[in-house]
Amino acid sequence: MEKTELRSQIEKQAARYFEEGHNCCQSILLAANDGWQLGIDPSLISSAGFFFRHGMASGSTCGALIGAQLALGILNDRYETKLKIKSASTLYNKFVNAFGSPECKDLRKGQGLLDKLGSKGCRMITLTTAGILCEFWESIDGNKK
C-alpha cells in the first residue's frame, strides 16, 4: 500500500471509530492498530484510552494527541526504530502547529456551535491528528507499514 493510501485509510478509520462512539484517543489508537497491523486487542485499546476523552475530563491535553503519542511509542517498539525522546516533542509541536494548542479546552473553545454539536470539531481534530501521525511516521521510516 502506498503512503498516501495508508494515510487516507488511517484518517478515515480514525474518523469512523470516532463516529461509532470511541473517543479521540481510542479512535487514533484503533486506526493505527488497523493501518499498521499492530495486533493489539481492540478491547485493550478501548480500556486503555477510556479516560483520555475531553482532556482527561479536565480540558487538559487533547486525547487525540495522547493517542498519537501512544501509537508512536507502539510503532517504535514494534518496528524497533529506536526513536529518541525528542520524537515525542516533534510530534507534539506538529500538533500544536496544526491546532494552536495541545489543550482540549482551548481547542473546544475555538469551535463554533455547529462543530460542538455532535462533536464534529473533535472528529476533524481526530482525523487530522491521524494524518499528522502518519506523516511523522513516514518521515521516520517511510518503508515501514
# chains A, B, ... in the order shown; residues from 1 in each chain; ligands from 1
call {"tool": "residues_around", "arguments": {"residues": "Lys105 in chain A", "least_positions_apart": "2", "cutoff": "10 Å", "atoms": "only C-alpha atoms", "output": "number ranges by chain"}}
result
A: 54-55, 57-62, 101-103, 107-110
call {"tool": "write_last_selection", "arguments": {"atoms": "N, CA and C atoms", "output": "PDB file, in the first residue's frame"}}
result
ATOM      1  N   HIS A  54     -12.029  14.341  26.441  1.00  0.00           N
ATOM      2  CA  HIS A  54     -12.195  15.697  26.974  1.00  0.00           C
ATOM      3  C   HIS A  54     -10.998  16.137  27.816  1.00  0.00           C
ATOM      4  N   GLY A  55      -9.810  15.844  27.329  1.00  0.00           N
ATOM      5  CA  GLY A  55      -8.603  16.271  28.037  1.00  0.00           C
ATOM      6  C   GLY A  55      -8.525  15.683  29.426  1.00  0.00           C
ATOM      7  N   ALA A  57     -10.963  14.633  31.119  1.00  0.00           N
ATOM      8  CA  ALA A  57     -12.116  15.214  31.818  1.00  0.00           C
ATOM      9  C   ALA A  57     -11.775  16.513  32.539  1.00  0.00           C
ATOM     10  N   SER A  58     -10.659  17.124  32.166  1.00  0.00           N
ATOM     11  CA  SER A  58     -10.249  18.364  32.817  1.00  0.00           C
ATOM     12  C   SER A  58      -9.959  19.466  31.802  1.00  0.00           C
ATOM     13  N   GLY A  59     -10.112  19.149  30.525  1.00  0.00           N
ATOM     14  CA  GLY A  59      -9.790  20.121  29.485  1.00  0.00           C
ATOM     15  C   GLY A  59      -8.307  20.208  29.201  1.00  0.00           C
ATOM     16  N   SER A  60      -7.546  19.275  29.752  1.00  0.00           N
ATOM     17  CA  SER A  60      -6.096  19.287  29.592  1.00  0.00           C
ATOM     18  C   SER A  60      -5.709  18.744  28.210  1.00  0.00           C
ATOM     19  N   THR A  61      -4.624  18.046  28.109  1.00  0.00           N
ATOM     20  CA  THR A  61      -4.092  17.581  26.825  1.00  0.00           C
ATOM     21  C   THR A  61      -5.135  16.813  26.019  1.00  0.00           C
ATOM     22  N   CYS A  62      -5.264  17.192  24.767  1.00  0.00           N
ATOM     23  CA  CYS A  62      -6.219  16.566  23.850  1.00  0.00           C
ATOM     24  C   CYS A  62      -5.948  15.061  23.744  1.00  0.00           C
ATOM     25  N   SER A 101      -2.900  24.819  19.933  1.00  0.00           N
ATOM     26  CA  SER A 101      -2.811  24.472  21.356  1.00  0.00           C
ATOM     27  C   SER A 101      -2.920  22.963  21.503  1.00  0.00           C
ATOM     28  N   PRO A 102      -2.311  22.401  22.556  1.00  0.00           N
ATOM     29  CA  PRO A 102      -2.493  20.986  22.842  1.00  0.00           C
ATOM     30  C   PRO A 102      -3.678  20.738  23.785  1.00  0.00           C
ATOM     31  N   GLU A 103      -4.256  21.829  24.295  1.00  0.00           N
ATOM     32  CA  GLU A 103      -5.267  21.724  25.349  1.00  0.00           C
ATOM     33  C   GLU A 103      -6.678  21.560  24.786  1.00  0.00           C
ATOM     34  N   LEU A 107      -9.030  24.008  22.351  1.00  0.00           N
ATOM     35  CA  LEU A 107      -9.481  23.536  21.049  1.00  0.00           C
ATOM     36  C   LEU A 107     -11.004  23.588  20.959  1.00  0.00           C
ATOM     37  N   ARG A 108     -11.667  23.185  22.015  1.00  0.00           N
ATOM     38  CA  ARG A 108     -13.140  23.191  22.020  1.00  0.00           C
ATOM     39  C   ARG A 108     -13.688  24.614  22.100  1.00  0.00           C
ATOM     40  N   LYS A 109     -12.975  25.482  22.800  1.00  0.00           N
ATOM     41  CA  LYS A 109     -13.402  26.877  22.898  1.00  0.00           C
ATOM     42  C   LYS A 109     -13.382  27.538  21.528  1.00  0.00           C
ATOM     43  N   GLY A 110     -12.438  27.146  20.696  1.00  0.00           N
ATOM     44  CA  GLY A 110     -12.303  27.729  19.368  1.00  0.00           C
ATOM     45  C   GLY A 110     -13.291  27.179  18.349  1.00  0.00           C
TER      46      GLY A 110
END
call {"tool": "residues_around", "arguments": {"residues": "Leu38 in chain A", "least_positions_apart": "3", "cutoff": "10 Å", "atoms": "only C-alpha atoms", "output": "count of residues only"}}
result
13
call {"tool": "closest_residue", "arguments": {"among": "A:Met56, A:Leu65, A:Leu72, A:Ala88", "to": "Ser27 in chain A", "atoms": "only C-alpha atoms"}}
result
A:Leu65
call {"tool": "residues_around", "arguments": {"residues": "Ser89 in chain A", "least_positions_apart": "2", "cutoff": "12 Å", "atoms": "only C-alpha atoms", "output": "compact mmCIF listing (two decimals) with N, CA and C atoms, in the first residue's frame"}}
result
# COMPACT_ATOMS: atom_id res chain seq x y z
N LEU A 65 -4.01 13.82 20.68
CA LEU A 65 -2.55 13.95 20.81
C LEU A 65 -2.00 12.83 21.67
N ALA A 68 -1.98 9.70 19.60
CA ALA A 68 -0.89 9.72 18.61
C ALA A 68 0.45 9.42 19.27
N GLN A 69 0.67 9.98 20.45
CA GLN A 69 1.93 9.71 21.17
C GLN A 69 2.02 8.23 21.57
N LEU A 72 2.74 6.24 18.46
CA LEU A 72 4.14 6.40 18.07
C LEU A 72 5.04 5.50 18.93
N LEU A 83 13.63 5.36 18.40
CA LEU A 83 13.47 6.81 18.38
C LEU A 83 13.99 7.43 19.66
N LYS A 84 14.44 8.63 19.57
CA LYS A 84 14.85 9.39 20.75
C LYS A 84 13.61 10.04 21.36
N ILE A 85 13.67 10.38 22.63
CA ILE A 85 12.56 11.01 23.31
C ILE A 85 12.16 12.32 22.62
N LYS A 86 13.10 12.93 21.94
CA LYS A 86 12.85 14.17 21.20
C LYS A 86 11.74 13.98 20.16
N SER A 87 11.52 12.75 19.70
CA SER A 87 10.46 12.49 18.73
C SER A 87 9.09 12.84 19.29
N LEU A 91 6.45 15.45 17.50
CA LEU A 91 5.05 15.15 17.22
C LEU A 91 4.14 16.15 17.93
N TYR A 92 4.44 16.46 19.18
CA TYR A 92 3.69 17.45 19.95
C TYR A 92 3.68 18.80 19.22
N ASN A 93 4.84 19.24 18.76
CA ASN A 93 4.94 20.53 18.06
C ASN A 93 4.16 20.53 16.75
N LYS A 94 4.15 19.41 16.05
CA LYS A 94 3.36 19.32 14.81
C LYS A 94 1.87 19.47 15.13
N PHE A 95 1.44 18.88 16.22
CA PHE A 95 0.04 19.01 16.63
C PHE A 95 -0.28 20.47 16.98
N VAL A 96 0.57 21.08 17.78
CA VAL A 96 0.35 22.47 18.18
C VAL A 96 0.38 23.40 16.97
N PRO A 102 -2.31 22.40 22.56
CA PRO A 102 -2.49 20.99 22.84
C PRO A 102 -3.68 20.74 23.79
N PHE A 136 4.32 11.95 10.17
CA PHE A 136 5.52 11.91 11.01
C PHE A 136 6.19 10.54 10.94
call {"tool": "closest_residue", "arguments": {"among": "A:Ala64, A:Thr129, A:Leu44, A:Ala31", "to": "Tyr17 in chain A", "atoms": "only C-alpha atoms"}}
result
A:Ala31
call {"tool": "select_by_dssp", "arguments": {"residues": "range 6-143 of chain A", "states": "helix (DSSP H, G or I)", "output": "PyMOL selection string"}}
result
chain A and resi 6-19+24-35+42-48+54-59+63-78+86-99+104-109+113-141
call {"tool": "closest_residue", "arguments": {"among": "A:Ile40, A:Arg7, A:Ser119, A:Ile66", "to": "Glu20 in chain A", "atoms": "only C-alpha atoms"}}
result
A:Ser119
call {"tool": "atom_distance", "arguments": {"atom1": "CA of Ile45 in chain A", "atom2": "CA of Gly21 in chain A"}}
result
13.7 Å
call {"tool": "residues_around", "arguments": {"residues": "Gln26 in chain A", "least_positions_apart": "4", "cutoff": "9 Å", "atoms": "only C-alpha atoms", "output": "ChimeraX atom specification"}}
result
/A:14,17-18,22,30-31,45-50,52-53,63-64,67
